[in-house]
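Notes for the one structure printed next.
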Protein chains: 4
Amino acid sequence: MTDTAALEANGWAKTPDGTALEKTFKFANFVEAFGFMTRAAIHAEKLNHHPEWFNVYNKVEVRLTTHDTGGLSELDVKLATTMDKLAG
Amino acid sequence: MTDTAALEANGWAKTPDGTALEKTFKFANFVEAFGFMTRAAIHAEKLNHHPEWFNVYNKVEVRLTTHDTGGLSELDVKLATTMDKLAG
Amino acid sequence: MTDTAALEANGWAKTPDGTALEKTFKFANFVEAFGFMTRAAIHAEKLNHHPEWFNVYNKVEVRLTTHDTGGLSELDVKLATTMDKLAG
Amino acid sequence: MTDTAALEANGWAKTPDGTALEKTFKFANFVEAFGFMTRAAIHAEKLNHHPEWFNVYNKVEVRLTTHDTGGLSELDVKLATTMDKLAG
């Protein structure tokens, strides 16, 4: 099973059905939010694992799930951990 | 009143209450979708008018509205028109 | 040996010592140039092979070489080919 | 005259002829370097004042000048100051 305890301690929440992780990132302004998205996008493409994400101004809402398995996988943990590092 | 007829002919839909414009853009893959978002982000910041947008893989769902006026404005028309050109 | 004939037919030039490929891309404006760079950057990181590139306004000068081997490799051909596709 | 003392104290160097400011930024890796460039690009376009910049891997060499006046202007100071903030 995918261990998400460390991520949950860092602000990620599992959806009620346990198939996805969600977190909202807030930045100083739109430029900072988009700088985060650009760096996260590069990492996502490199992992070949892409987020579902919504942005408005300084806010980025992220939802991670692994469509192939219908649930969470190590790729979600890896991308979530990377995003936390990028957001500093 | 803000004239959105040309945009509606180009795939934008007004929300039922008339306060926002929505369109879903599809690209060949994630990299193309994010390339579109980057260029649109630069234009958005330049206009100081930012989209609400959701991305997953090759899909970008955009919602434009003008919070200051609680409805559509020329800024929405301008950003929508720019996005259509970028997605070209 | 790395075959660069197709690339040279498409505007890439080998440096006199044969260790690098160079091409200058021109776009309509800065935003288009940076949109190209963003998409190329994602591909570069995915290949773990990065360009030397210079940008001013609508112009992007690219130099590709493989530092590990001190010359051209298949990675340069791959990144050059990808960049040509992106620049469309 | 354009006052660049604060920038020079922060790592920017005037070219011998006094017409440009130069600085090399270094980051942890390519992704961080490109994240910086993306945010700087958005600010540059907003100012309608664009850098001459060279990137290889984690390094970004920037040169700022104002072509219209053939020397330095307040726009260079503004963009340089913004870049310093972005690079944190």
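Each chain in the structure tokens gets a letter, A, B, ..., in the order shown, and its residues are numbered from 1; ligands are numbered from 1 in order too.
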Residues of chain D within 7 Å of chain C, using only C-alpha atoms, as a PyMOL selection string? chain D and resi 50-57
So that I can check the secondary structure, give me every residue of chain A assigned alpha helix (DSSP H) by backbone DSSP, as a PyMOL selection string. chain A and resi 5-8+30-47+74-87
What's around B:Asp84 at 10 Å? Count only C-alpha atoms, leave out sequence neighbours fewer than 6 positions away in its own chain, and write the answer as a ChimeraX atom specification. /B:7,10-12,23,25,40
If chain A is fitted onto chain D by least squares over all C-alpha atoms, taken pair by pair in sequence order, what do its new coordinates look like as a compact mmCIF listing (two decimals) with N, CA and C atoms, in the first residue's frame?
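Saved as part31.txt:
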# COMPACT_ATOMS: atom_id res chain seq x y z
N MET A 1 21.18 60.72 -14.66
CA MET A 1 21.94 59.48 -14.90
C MET A 1 21.35 58.32 -14.10
N THR A 2 21.42 57.16 -14.66
CA THR A 2 20.88 55.99 -13.99
C THR A 2 21.81 55.54 -12.87
N ASP A 3 21.25 55.41 -11.67
CA ASP A 3 22.06 55.03 -10.52
C ASP A 3 22.06 53.51 -10.36
N THR A 4 23.20 52.90 -10.53
CA THR A 4 23.28 51.44 -10.46
C THR A 4 24.12 50.96 -9.27
N ALA A 5 24.40 51.87 -8.37
CA ALA A 5 25.27 51.52 -7.23
C ALA A 5 24.72 50.34 -6.43
N ALA A 6 23.41 50.37 -6.13
CA ALA A 6 22.82 49.30 -5.33
C ALA A 6 22.91 47.97 -6.07
N LEU A 7 22.71 48.01 -7.38
CA LEU A 7 22.81 46.78 -8.17
C LEU A 7 24.24 46.26 -8.21
N GLU A 8 25.18 47.19 -8.37
CA GLU A 8 26.59 46.77 -8.43
C GLU A 8 27.01 46.15 -7.10
N ALA A 9 26.44 46.64 -6.01
CA ALA A 9 26.73 46.04 -4.70
C ALA A 9 26.12 44.64 -4.60
N ASN A 10 25.20 44.35 -5.50
CA ASN A 10 24.49 43.08 -5.46
C ASN A 10 24.94 42.14 -6.59
N GLY A 11 26.11 42.40 -7.15
CA GLY A 11 26.67 41.45 -8.11
C GLY A 11 26.54 41.82 -9.57
N TRP A 12 25.86 42.92 -9.88
CA TRP A 12 25.77 43.35 -11.28
C TRP A 12 27.02 44.15 -11.62
N ALA A 13 27.53 43.97 -12.83
CA ALA A 13 28.71 44.72 -13.28
C ALA A 13 28.35 45.53 -14.51
N LYS A 14 28.81 46.76 -14.53
CA LYS A 14 28.63 47.58 -15.73
C LYS A 14 29.66 47.15 -16.76
N THR A 15 29.27 47.12 -18.02
CA THR A 15 30.25 46.87 -19.07
C THR A 15 31.18 48.08 -19.13
N PRO A 16 32.41 47.89 -19.64
CA PRO A 16 33.39 48.97 -19.66
C PRO A 16 32.85 50.27 -20.27
N ASP A 17 32.04 50.17 -21.30
CA ASP A 17 31.50 51.40 -21.92
C ASP A 17 30.28 51.95 -21.17
N GLY A 18 29.89 51.29 -20.10
CA GLY A 18 28.81 51.80 -19.26
C GLY A 18 27.41 51.69 -19.86
N THR A 19 27.27 50.93 -20.94
CA THR A 19 25.96 50.87 -21.59
C THR A 19 25.12 49.66 -21.20
N ALA A 20 25.68 48.77 -20.41
CA ALA A 20 24.92 47.57 -20.05
C ALA A 20 25.30 47.07 -18.67
N LEU A 21 24.37 46.31 -18.08
CA LEU A 21 24.60 45.66 -16.79
C LEU A 21 24.62 44.15 -17.02
N GLU A 22 25.54 43.47 -16.34
CA GLU A 22 25.63 42.03 -16.52
C GLU A 22 25.72 41.31 -15.18
N LYS A 23 25.07 40.15 -15.12
CA LYS A 23 25.17 39.33 -13.91
C LYS A 23 24.96 37.87 -14.28
N THR A 24 25.66 37.00 -13.59
CA THR A 24 25.45 35.56 -13.79
C THR A 24 24.76 34.99 -12.56
N PHE A 25 23.61 34.37 -12.80
CA PHE A 25 22.86 33.71 -11.72
C PHE A 25 23.13 32.21 -11.77
N LYS A 26 23.32 31.61 -10.60
CA LYS A 26 23.48 30.15 -10.55
C LYS A 26 22.41 29.53 -9.66
N PHE A 27 21.89 28.42 -10.09
CA PHE A 27 20.82 27.74 -9.38
C PHE A 27 21.22 26.29 -9.07
N ALA A 28 20.36 25.60 -8.36
CA ALA A 28 20.67 24.23 -7.95
C ALA A 28 20.72 23.28 -9.15
N ASN A 29 19.93 23.57 -10.15
CA ASN A 29 19.84 22.67 -11.31
C ASN A 29 19.10 23.37 -12.44
N PHE A 30 18.90 22.66 -13.54
CA PHE A 30 18.26 23.27 -14.71
C PHE A 30 16.82 23.69 -14.43
N VAL A 31 16.08 22.85 -13.71
CA VAL A 31 14.67 23.18 -13.45
C VAL A 31 14.54 24.48 -12.67
N GLU A 32 15.39 24.66 -11.66
CA GLU A 32 15.35 25.90 -10.89
C GLU A 32 15.75 27.10 -11.76
N ALA A 33 16.76 26.90 -12.60
CA ALA A 33 17.18 27.99 -13.50
C ALA A 33 16.04 28.38 -14.44
N PHE A 34 15.35 27.37 -14.96
CA PHE A 34 14.28 27.69 -15.91
C PHE A 34 13.04 28.26 -15.20
N GLY A 35 12.82 27.85 -13.96
CA GLY A 35 11.74 28.47 -13.18
C GLY A 35 12.00 29.96 -12.97
N PHE A 36 13.26 30.30 -12.71
CA PHE A 36 13.66 31.71 -12.60
C PHE A 36 13.41 32.42 -13.93
N MET A 37 13.83 31.81 -15.01
CA MET A 37 13.67 32.45 -16.33
C MET A 37 12.20 32.69 -16.65
N THR A 38 11.34 31.73 -16.30
CA THR A 38 9.92 31.89 -16.60
C THR A 38 9.33 33.08 -15.86
N ARG A 39 9.64 33.18 -14.57
CA ARG A 39 9.11 34.30 -13.80
C ARG A 39 9.70 35.62 -14.28
N ALA A 40 11.00 35.61 -14.62
CA ALA A 40 11.63 36.83 -15.13
C ALA A 40 11.05 37.20 -16.50
N ALA A 41 10.73 36.19 -17.30
CA ALA A 41 10.17 36.46 -18.63
C ALA A 41 8.81 37.14 -18.51
N ILE A 42 8.01 36.71 -17.56
CA ILE A 42 6.69 37.33 -17.37
C ILE A 42 6.87 38.80 -16.99
N HIS A 43 7.77 39.06 -16.06
CA HIS A 43 8.02 40.44 -15.65
C HIS A 43 8.57 41.27 -16.81
N ALA A 44 9.48 40.67 -17.57
CA ALA A 44 10.10 41.40 -18.69
C ALA A 44 9.04 41.82 -19.71
N GLU A 45 8.17 40.89 -20.04
CA GLU A 45 7.13 41.21 -21.03
C GLU A 45 6.19 42.30 -20.48
N LYS A 46 5.91 42.23 -19.18
CA LYS A 46 5.04 43.22 -18.57
C LYS A 46 5.67 44.62 -18.62
N LEU A 47 6.99 44.67 -18.43
CA LEU A 47 7.73 45.94 -18.53
C LEU A 47 7.96 46.34 -19.98
N ASN A 48 7.67 45.42 -20.89
CA ASN A 48 8.05 45.56 -22.30
C ASN A 48 9.53 45.91 -22.41
N HIS A 49 10.32 45.20 -21.64
CA HIS A 49 11.77 45.42 -21.62
C HIS A 49 12.41 44.05 -21.42
N HIS A 50 13.12 43.57 -22.43
CA HIS A 50 13.55 42.17 -22.43
C HIS A 50 15.06 42.02 -22.24
N PRO A 51 15.46 41.00 -21.54
CA PRO A 51 16.90 40.78 -21.32
C PRO A 51 17.55 40.12 -22.54
N GLU A 52 18.87 40.27 -22.62
CA GLU A 52 19.68 39.34 -23.42
C GLU A 52 20.17 38.35 -22.41
N TRP A 53 19.85 37.08 -22.62
CA TRP A 53 20.29 36.11 -21.62
C TRP A 53 20.67 34.79 -22.25
N PHE A 54 21.66 34.16 -21.57
CA PHE A 54 22.23 32.91 -22.03
C PHE A 54 22.06 31.90 -20.90
N ASN A 55 21.61 30.73 -21.23
CA ASN A 55 21.43 29.67 -20.22
C ASN A 55 22.15 28.41 -20.64
N VAL A 56 22.86 27.82 -19.71
CA VAL A 56 23.30 26.44 -19.87
C VAL A 56 23.17 25.79 -18.50
N TYR A 57 22.43 24.70 -18.48
CA TYR A 57 22.12 23.95 -17.26
C TYR A 57 21.64 24.87 -16.12
N ASN A 58 22.44 25.01 -15.06
CA ASN A 58 21.97 25.76 -13.88
C ASN A 58 22.40 27.23 -13.89
N LYS A 59 22.94 27.71 -14.98
CA LYS A 59 23.54 29.04 -15.06
C LYS A 59 22.74 29.93 -16.00
N VAL A 60 22.47 31.16 -15.58
CA VAL A 60 21.80 32.13 -16.44
C VAL A 60 22.61 33.42 -16.45
N GLU A 61 23.20 33.73 -17.59
CA GLU A 61 23.97 34.97 -17.74
C GLU A 61 23.06 36.03 -18.33
N VAL A 62 22.90 37.15 -17.63
CA VAL A 62 21.96 38.18 -18.06
C VAL A 62 22.71 39.45 -18.46
N ARG A 63 22.26 40.07 -19.53
CA ARG A 63 22.81 41.37 -19.95
C ARG A 63 21.62 42.29 -20.20
N LEU A 64 21.62 43.42 -19.52
CA LEU A 64 20.51 44.38 -19.64
C LEU A 64 21.01 45.69 -20.22
N THR A 65 20.30 46.18 -21.21
CA THR A 65 20.62 47.47 -21.80
C THR A 65 19.34 48.02 -22.42
N THR A 66 19.31 49.31 -22.67
CA THR A 66 18.13 49.90 -23.28
C THR A 66 18.48 50.35 -24.70
N HIS A 67 18.06 49.54 -25.65
CA HIS A 67 18.45 49.77 -27.04
C HIS A 67 18.01 51.15 -27.54
N ASP A 68 16.84 51.58 -27.11
CA ASP A 68 16.30 52.86 -27.59
C ASP A 68 17.22 54.03 -27.28
N THR A 69 17.89 53.97 -26.12
CA THR A 69 18.71 55.10 -25.71
C THR A 69 20.19 54.77 -25.85
N GLY A 70 20.51 53.53 -26.23
CA GLY A 70 21.92 53.17 -26.36
C GLY A 70 22.66 53.13 -25.04
N GLY A 71 21.94 52.96 -23.96
CA GLY A 71 22.61 52.93 -22.66
C GLY A 71 21.70 52.37 -21.60
N LEU A 72 21.98 52.66 -20.37
CA LEU A 72 21.15 52.16 -19.28
C LEU A 72 19.99 53.11 -18.98
N SER A 73 18.89 52.54 -18.55
CA SER A 73 17.74 53.36 -18.19
C SER A 73 17.11 52.79 -16.92
N GLU A 74 16.09 53.46 -16.47
CA GLU A 74 15.38 52.98 -15.28
C GLU A 74 14.76 51.60 -15.50
N LEU A 75 14.45 51.28 -16.74
CA LEU A 75 13.90 49.95 -17.02
C LEU A 75 14.91 48.85 -16.71
N ASP A 76 16.17 49.11 -17.00
CA ASP A 76 17.20 48.12 -16.68
C ASP A 76 17.32 47.94 -15.16
N VAL A 77 17.27 49.05 -14.46
CA VAL A 77 17.35 48.99 -13.00
C VAL A 77 16.16 48.21 -12.45
N LYS A 78 14.99 48.46 -13.01
CA LYS A 78 13.78 47.80 -12.54
C LYS A 78 13.84 46.28 -12.81
N LEU A 79 14.25 45.91 -14.01
CA LEU A 79 14.31 44.48 -14.34
C LEU A 79 15.41 43.79 -13.53
N ALA A 80 16.54 44.45 -13.37
CA ALA A 80 17.63 43.86 -12.57
C ALA A 80 17.18 43.64 -11.12
N THR A 81 16.52 44.63 -10.59
CA THR A 81 16.05 44.53 -9.20
C THR A 81 15.03 43.40 -9.05
N THR A 82 14.13 43.29 -10.02
CA THR A 82 13.15 42.21 -10.02
C THR A 82 13.83 40.85 -10.10
N MET A 83 14.81 40.73 -10.98
CA MET A 83 15.53 39.45 -11.12
C MET A 83 16.21 39.06 -9.82
N ASP A 84 16.82 40.02 -9.14
CA ASP A 84 17.47 39.72 -7.86
C ASP A 84 16.46 39.19 -6.85
N LYS A 85 15.27 39.80 -6.85
CA LYS A 85 14.23 39.33 -5.92
C LYS A 85 13.79 37.91 -6.28
N LEU A 86 13.61 37.64 -7.57
CA LEU A 86 13.16 36.32 -8.01
C LEU A 86 14.20 35.26 -7.66
N ALA A 87 15.47 35.60 -7.83
CA ALA A 87 16.54 34.63 -7.57
C ALA A 87 16.71 34.41 -6.07
N GLY A 88 16.10 35.27 -5.30
CA GLY A 88 16.07 35.06 -3.84
C GLY A 88 17.41 35.19 -3.20
If you run DSSP on the backbone here, which positions in stretch 1-85 of chain B get strand (DSSP E or B)? Please write them as a list in words.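 Answer for stretch 1-85 of chain B, restricted to strand (DSSP E or B): Ala13, Lys14, Leu21, Glu22, Lys23, Thr24, Phe25, Lys26, Glu52, Trp53, Phe54, Asn55, Val56, Lys59, Val60, Glu61, Val62, Arg63, Leu64, Thr66 and Gly71 of chain B.
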